[in-house]
$ cat entry-v6.txt   # compact mmCIF, C-alpha atoms and all ligand atoms
# COMPACT_ATOMS: atom_id res chain seq x y z
CA MET A 26 -91.50 -66.44 86.06
CA ARG A 27 -91.77 -69.43 88.38
CA VAL A 28 -93.37 -69.18 91.81
CA VAL A 29 -92.19 -71.46 94.62
CA ALA A 30 -94.11 -71.37 97.91
CA VAL A 31 -92.55 -72.60 101.11
CA ALA A 32 -95.66 -73.57 103.05
CA GLY A 33 -97.18 -75.86 105.65
CA ALA A 34 -99.61 -76.05 108.53
CA LYS A 35 -96.95 -76.02 111.23
CA GLY A 36 -94.72 -73.21 112.44
CA GLY A 37 -91.12 -73.53 113.52
CA VAL A 38 -90.22 -76.23 111.01
CA GLY A 39 -87.73 -74.32 108.86
CA LYS A 40 -89.91 -72.66 106.21
CA THR A 41 -88.33 -69.25 106.60
CA ALA A 42 -84.83 -70.70 106.88
CA ALA A 43 -85.41 -72.48 103.57
CA ALA A 44 -87.01 -69.47 101.86
CA VAL A 45 -84.15 -67.17 102.90
CA ASN A 46 -81.43 -69.57 101.74
CA LEU A 47 -83.12 -70.72 98.54
CA ALA A 48 -83.80 -67.12 97.54
CA ILE A 49 -80.13 -66.18 97.62
CA LEU A 50 -79.17 -69.44 95.91
CA SER A 51 -81.66 -68.67 93.16
CA ALA A 52 -80.19 -65.17 92.72
CA ARG A 53 -76.69 -66.60 92.67
CA SER A 54 -77.67 -69.13 90.02
CA GLY A 55 -78.38 -66.12 87.84
CA HIS A 56 -82.16 -65.84 88.26
CA ARG A 57 -83.76 -62.49 88.96
CA THR A 58 -85.41 -63.38 92.24
CA LEU A 59 -88.09 -61.91 94.48
CA LEU A 60 -88.55 -63.14 98.04
CA TRP A 61 -92.05 -62.32 99.27
CA ASP A 62 -92.42 -62.47 103.04
CA LEU A 63 -96.05 -63.30 103.83
CA ASP A 64 -95.58 -63.91 107.55
CA PRO A 65 -96.50 -61.12 110.01
CA GLN A 66 -93.50 -62.13 112.11
CA GLY A 67 -91.32 -60.86 109.28
CA ALA A 68 -88.44 -63.25 109.94
CA ALA A 69 -87.36 -63.37 106.29
CA THR A 70 -87.56 -59.57 106.15
CA HIS A 71 -85.32 -59.41 109.22
CA CYS A 72 -82.78 -61.87 107.77
CA TYR A 73 -82.36 -59.55 104.78
CA ARG A 74 -81.93 -56.51 107.03
CA ALA A 75 -85.06 -54.83 105.76
CA GLN A 76 -87.47 -52.85 107.84
CA ALA A 77 -90.70 -54.69 108.64
CA LYS A 78 -92.87 -51.89 107.38
CA VAL A 79 -95.38 -51.96 104.57
CA LYS A 80 -96.95 -48.61 103.80
CA GLY A 81 -100.66 -48.95 104.36
CA GLY A 82 -100.15 -52.51 105.59
CA ALA A 83 -101.74 -55.70 104.34
CA THR A 84 -104.99 -53.89 103.56
CA ARG A 85 -103.34 -51.59 101.05
CA LEU A 86 -101.09 -54.31 99.63
CA LEU A 87 -103.73 -56.99 99.15
CA GLY A 88 -107.02 -55.20 99.46
CA GLY A 89 -107.17 -53.33 96.19
CA LYS A 90 -105.72 -53.10 92.73
CA ARG A 91 -102.24 -52.29 93.93
CA ASP A 92 -99.05 -52.47 92.03
CA LEU A 93 -96.72 -54.74 94.00
CA ALA A 94 -93.68 -53.02 92.50
CA ALA A 95 -94.26 -50.05 94.82
CA PHE A 96 -93.67 -52.27 97.86
CA ILE A 97 -90.58 -54.10 96.62
CA ARG A 98 -87.13 -53.25 97.95
CA ALA A 99 -83.70 -54.17 96.71
CA THR A 100 -81.52 -56.27 99.03
CA GLU A 101 -77.77 -55.88 99.35
CA TYR A 102 -77.42 -58.87 97.01
CA GLN A 103 -77.37 -58.79 93.25
CA ARG A 104 -80.55 -60.02 91.52
CA LEU A 105 -82.42 -60.43 94.83
CA ASP A 106 -85.36 -58.22 95.80
CA LEU A 107 -87.61 -58.44 98.81
CA LEU A 108 -91.26 -57.79 99.42
CA PRO A 109 -91.28 -57.28 103.19
CA ALA A 110 -93.95 -58.20 105.71
CA ASP A 111 -95.04 -56.25 108.72
CA PRO A 112 -97.30 -57.02 111.71
CA SER A 113 -100.39 -55.97 109.75
CA PHE A 114 -100.04 -59.26 107.84
CA ARG A 115 -101.82 -60.88 110.79
CA VAL A 116 -105.06 -59.86 109.12
CA VAL A 117 -104.19 -61.12 105.64
CA ASP A 118 -106.90 -63.80 105.88
CA THR A 119 -109.52 -61.18 106.75
CA VAL A 120 -108.36 -58.83 104.00
CA LEU A 121 -108.49 -61.60 101.41
CA SER A 122 -111.91 -62.78 102.59
CA THR A 123 -113.37 -59.38 101.70
CA ARG A 124 -112.32 -59.90 98.08
CA ARG A 125 -114.64 -61.44 95.56
CA TRP A 126 -112.16 -64.13 94.49
CA PRO A 127 -109.73 -64.38 97.42
CA GLU A 128 -107.88 -67.33 95.95
CA ARG A 129 -106.98 -65.33 92.84
CA VAL A 130 -105.51 -62.29 94.60
CA LEU A 131 -101.86 -63.33 94.81
CA ARG A 132 -101.78 -64.67 91.28
CA LYS A 133 -103.22 -61.44 89.92
CA LEU A 134 -100.82 -59.30 91.92
CA LEU A 135 -97.83 -61.31 90.68
CA ARG A 136 -98.81 -61.32 87.02
CA PRO A 137 -97.35 -57.87 86.16
CA LEU A 138 -93.99 -58.99 87.59
CA ASP A 139 -93.73 -61.83 85.11
CA ARG A 140 -91.07 -60.12 82.99
CA LYS A 141 -89.18 -58.64 85.90
CA TYR A 142 -88.41 -61.84 87.82
CA ASP A 143 -87.45 -65.38 86.90
CA VAL A 144 -88.21 -66.79 90.35
CA VAL A 145 -90.53 -65.69 93.15
CA ILE A 146 -90.21 -67.40 96.51
CA LEU A 147 -93.13 -67.06 98.92
CA ASP A 148 -92.33 -67.43 102.60
CA CYS A 149 -95.74 -68.36 104.00
CA ALA A 150 -97.04 -68.09 107.53
CA PRO A 151 -98.08 -71.45 109.00
CA GLY A 152 -101.66 -72.54 108.39
CA LEU A 153 -104.01 -73.88 105.79
CA GLY A 154 -106.41 -71.02 105.29
CA ILE A 155 -107.46 -68.58 102.60
CA VAL A 156 -103.92 -67.24 102.21
CA THR A 157 -102.64 -70.72 101.50
CA GLU A 158 -105.41 -71.21 98.95
CA SER A 159 -104.33 -68.03 97.24
CA VAL A 160 -100.69 -69.16 97.44
CA ILE A 161 -101.58 -72.50 95.86
CA ALA A 162 -103.36 -70.77 92.99
CA ALA A 163 -100.30 -68.57 92.37
CA SER A 164 -97.56 -71.20 92.66
CA ASP A 165 -95.73 -73.60 90.37
CA LEU A 166 -94.35 -75.64 93.25
CA ILE A 167 -95.23 -76.13 96.90
CA LEU A 168 -92.17 -76.81 98.99
CA ALA A 169 -92.83 -78.25 102.44
CA PRO A 170 -90.25 -78.70 105.19
CA ILE A 171 -91.04 -81.63 107.44
CA ILE A 172 -89.35 -82.11 110.79
CA PRO A 173 -88.44 -85.71 111.56
CA ALA A 174 -91.31 -86.61 113.88
CA PRO A 175 -94.03 -89.16 113.14
CA LEU A 176 -96.86 -86.64 113.45
CA ALA A 177 -95.08 -84.16 111.22
CA VAL A 178 -94.92 -86.71 108.43
CA ARG A 179 -98.68 -87.09 108.85
CA SER A 180 -99.15 -83.33 108.54
CA LEU A 181 -97.60 -83.70 105.10
CA ASP A 182 -100.56 -85.85 104.00
CA GLN A 183 -102.83 -83.03 105.13
CA LEU A 184 -100.93 -80.39 103.21
CA GLU A 185 -100.79 -82.52 100.11
CA GLU A 186 -104.53 -83.20 100.29
CA PHE A 187 -105.24 -79.52 100.81
CA THR A 188 -103.00 -78.55 97.90
CA HIS A 189 -104.48 -81.06 95.50
CA ALA A 190 -108.05 -80.36 96.59
CA HIS A 191 -107.50 -76.79 95.40
CA ARG A 192 -105.23 -77.52 92.46
CA PRO A 193 -104.97 -81.12 91.37
CA GLY A 194 -101.57 -81.97 89.96
CA LEU A 195 -99.70 -78.95 91.36
CA PRO A 196 -96.09 -80.10 91.88
CA PHE A 197 -95.31 -80.69 95.47
CA LEU A 198 -91.97 -81.35 97.14
CA ALA A 199 -91.34 -82.13 100.79
CA PHE A 200 -87.95 -82.24 102.46
CA LEU A 201 -86.71 -83.25 105.87
CA SER A 202 -85.72 -80.24 107.94
CA MET A 203 -83.72 -79.94 111.19
CA LEU A 204 -82.46 -83.46 110.90
CA ASP A 205 -80.21 -84.86 113.61
CA GLU A 206 -78.75 -88.12 112.40
CA ARG A 207 -77.44 -88.93 115.87
CA LYS A 208 -81.02 -89.70 116.81
CA VAL A 209 -82.27 -93.20 116.05
CA LEU A 210 -85.79 -91.96 115.33
CA HIS A 211 -84.48 -89.43 112.82
CA ARG A 212 -82.45 -92.11 111.03
CA GLN A 213 -85.53 -94.33 110.91
CA LEU A 214 -87.59 -91.56 109.38
CA VAL A 215 -84.88 -90.84 106.81
CA ALA A 216 -85.05 -94.49 105.80
CA GLN A 217 -88.84 -94.35 105.75
CA VAL A 218 -89.10 -91.36 103.44
CA ARG A 219 -86.35 -92.56 101.12
CA GLY A 220 -88.89 -94.51 99.09
CA ASP A 221 -91.46 -91.71 99.22
CA ARG A 222 -91.41 -89.83 95.92
CA ARG A 223 -92.91 -86.72 97.52
CA PHE A 224 -89.60 -86.14 99.35
CA ALA A 225 -86.54 -84.40 97.97
CA LEU A 226 -83.27 -86.31 98.19
CA ALA A 227 -81.79 -83.36 100.07
CA ALA A 228 -82.44 -83.17 103.82
CA VAL A 229 -81.46 -80.12 105.85
CA PRO A 230 -79.58 -80.99 109.04
CA SER A 231 -80.08 -79.20 112.28
CA SER A 232 -77.27 -76.67 112.39
CA SER A 233 -76.33 -73.70 114.50
CA SER A 234 -75.29 -71.95 111.26
CA VAL A 235 -79.01 -71.75 110.41
CA GLU A 236 -79.97 -70.60 113.90
CA ARG A 237 -77.38 -67.83 113.74
CA MET A 238 -79.11 -66.27 110.72
CA GLY A 239 -81.56 -64.47 112.99
CA MET A 240 -78.68 -62.74 114.72
CA GLU A 241 -76.17 -62.25 111.95
CA GLN A 242 -78.76 -61.40 109.30
CA ILE A 243 -76.74 -63.19 106.64
CA PRO A 244 -78.13 -66.28 104.86
CA ALA A 245 -76.44 -69.42 106.20
CA VAL A 246 -75.37 -70.48 102.69
CA LEU A 247 -73.24 -67.32 102.52
CA ALA A 248 -72.10 -67.08 106.15
CA SER A 249 -71.07 -70.76 106.39
CA PRO A 250 -70.93 -72.08 102.82
CA ASN A 251 -69.12 -75.29 103.78
CA ASN A 252 -71.49 -76.22 106.56
CA LEU A 253 -73.62 -79.31 105.94
CA ALA A 254 -76.79 -77.22 106.07
CA ALA A 255 -75.47 -75.03 103.25
CA VAL A 256 -74.58 -78.12 101.22
CA ALA A 257 -78.13 -79.41 101.77
CA TYR A 258 -79.74 -76.11 100.72
CA ARG A 259 -77.66 -76.10 97.53
CA ARG A 260 -78.77 -79.66 96.74
CA LEU A 261 -82.35 -78.76 97.53
CA TRP A 262 -82.17 -75.72 95.27
CA ALA A 263 -80.88 -77.90 92.43
CA GLU A 264 -83.87 -80.23 92.91
CA VAL A 265 -86.26 -77.27 93.00
CA GLU A 266 -84.78 -75.88 89.77
CA GLU A 267 -85.34 -79.22 88.14
CA ARG A 268 -88.95 -79.43 89.34
CA ILE A 269 -89.79 -75.97 88.04
CA ASP A 270 -87.94 -76.60 84.82
CA LEU A 271 -85.37 -73.86 85.20
CA GLU A 272 -81.76 -74.05 84.07
CA PRO A 273 -79.10 -72.48 86.27
CA GLN A 274 -77.72 -69.43 84.47
CA LEU A 275 -74.43 -69.24 86.32
CA PRO A 276 -72.12 -71.94 87.66
CA SER A 277 -73.03 -72.65 91.27
CA GLN A 278 -70.84 -70.86 93.78
CA PRO A 279 -70.06 -72.14 97.23
N1 LIG A 301 -81.76 -76.50 109.90
C1 LIG A 301 -81.91 -75.84 111.05
N2 LIG A 301 -81.06 -76.07 112.09
C2 LIG A 301 -81.20 -75.42 113.27
N3 LIG A 301 -82.13 -74.53 113.52
C3 LIG A 301 -83.03 -74.25 112.54
C4 LIG A 301 -82.96 -74.89 111.26
N4 LIG A 301 -83.98 -74.41 110.49
C5 LIG A 301 -84.62 -73.52 111.25
N5 LIG A 301 -84.07 -73.42 112.48
C6 LIG A 301 -84.48 -72.56 113.61
O1 LIG A 301 -85.76 -72.96 114.05
C7 LIG A 301 -86.60 -71.87 114.28
C8 LIG A 301 -87.81 -71.92 113.34
O2 LIG A 301 -87.34 -71.87 112.00
P1 LIG A 301 -88.11 -71.06 110.87
O3 LIG A 301 -87.36 -71.22 109.62
O4 LIG A 301 -88.39 -69.68 111.34
O5 LIG A 301 -89.47 -71.91 110.83
P2 LIG A 301 -90.90 -71.54 110.20
O6 LIG A 301 -90.67 -70.50 109.17
O7 LIG A 301 -91.38 -72.84 109.64
O8 LIG A 301 -91.75 -71.08 111.34
C9 LIG A 301 -85.75 -70.62 114.07
O9 LIG A 301 -85.26 -70.19 115.30
C10 LIG A 301 -84.62 -71.10 113.18
O10 LIG A 301 -83.44 -70.41 113.42
MG MG A 302 -91.52 -68.58 108.97

$ encode --input "entry-v6.txt" --output "structure tokens"
Amino acid sequence: MRVVAVAGAKGGVGKTAAAVNLAILSARSGHRTLLWDLDPQGAATHCYRAQAKVKGGATRLLGGKRDLAAFIRATEYQRLDLLPADPSFRVVDTVLSTRRWPERVLRKLLRPLDRKYDVVILDCAPGLGIVTESVIAASDLILAPIIPAPLAVRSLDQLEEFTHAHRPGLPFLAFLSMLDERKVLHRQLVAQVRGDRRFALAAVPSSSSVERMGMEQIPAVLASPNNLAAVAYRRLWAEVEERIDLEPQLPSQP
């Protein structure tokens, strides 16, 4: 089992959009995949048409010796399961801070699922707190969308420092998100990050096909497979597979 966390300090940068699309691409590459929504807003849960309800809430899910399997739901897609979030996830930080080893909680909860899933994708809420520490301890790769703005690229340094302060050497991959190549500044930033090894080659363009996901509740890579955003997510997934040392099991489908 490989765990990929889509994380970062900022909200609204395309974390959920990436998690939702990469999860279905993983399933379609033949990997048994679990998408774990860790954001109280439950946007990933919504995109997969699941109810944002966790019995007993974050306290029951993360506060004791719970079996995650009881909270997991199937999606309408083959090989893809979902662990939904609900509004109680607002207090995840507080729940974790009551535990003796908060940073170990997610890793311990995921361990029994090792044989059941090949890939787990964590859709994290924005922030660099205890939850993120626990995410870092549980993950094999941190994936960080960066919007093309000078300050956003700086926030990447912060995330990388935070990640490596807690787990030196943990693989880390950033990618440009919501790119608009008509804008001079965006093109300049593309050129700037080209030589930066922390960045994936794939960059996700700004696209209404991604925005529509919230309404249509279908991952953009399925609803508009020929759209440039879908092409970018497929390239990004291929790079992620390579980083986590996973072979695609099935030929990639559009
Ligand atoms: N590539 C994209 N093109 C256009 N809109 C996008 C793109 N990625 C995300 N969005 C939109 O931006 C908003 C924030 O995206 P989201 O993935 O929820 O960010 P985060 O999870 O980082 O908070 C959402 O309304 C989403 O539809
Ligand atoms: Mg999100």

$ residues_near_ligand --input "entry-v6.txt" --ligand "ligand LIG 301 (chain A)" --cutoff "8 Å" --atoms "only C-alpha atoms and all ligand atoms" --output "ChimeraX atom specification"
/A:32-33,35-44,68,148-151,170,202-204,229-239,254

$ atom_distance --input "entry-v6.txt" --atom1 "CA of Val120 in chain A" --atom2 "CA of Leu168 in chain A"
24.7 Å

$ residues_around --input "entry-v6.txt" --residues "Asp111 in chain A" --least-positions-apart "3" --cutoff "7 Å" --atoms "all atoms listed in the file" --output "number ranges by chain"
A: 65-67, 77-79, 114

$ residues_around --input "entry-v6.txt" --residues "range 89-95 of chain A" --least-positions-apart "4" --cutoff "9 Å" --atoms "only C-alpha atoms" --output "PyMOL selection string"
chain A and resi 84-85+108+124+134-135+137-138

$ axis_aligned_box --input "entry-v6.txt" --around "range 95-104 of chain A" --padding-each-side "5 Å" --output "JSON"
{"center_x": -85.8, "center_y": -55.0, "center_z": 95.4, "size_x": 26.9, "size_y": 20.0, "size_z": 17.8}

$ closest_residue --input "entry-v6.txt" --among "A:Ala225, A:Leu210, A:Leu166, A:Leu131" --to "Leu63 in chain A" --atoms "only C-alpha atoms"
A:Leu131
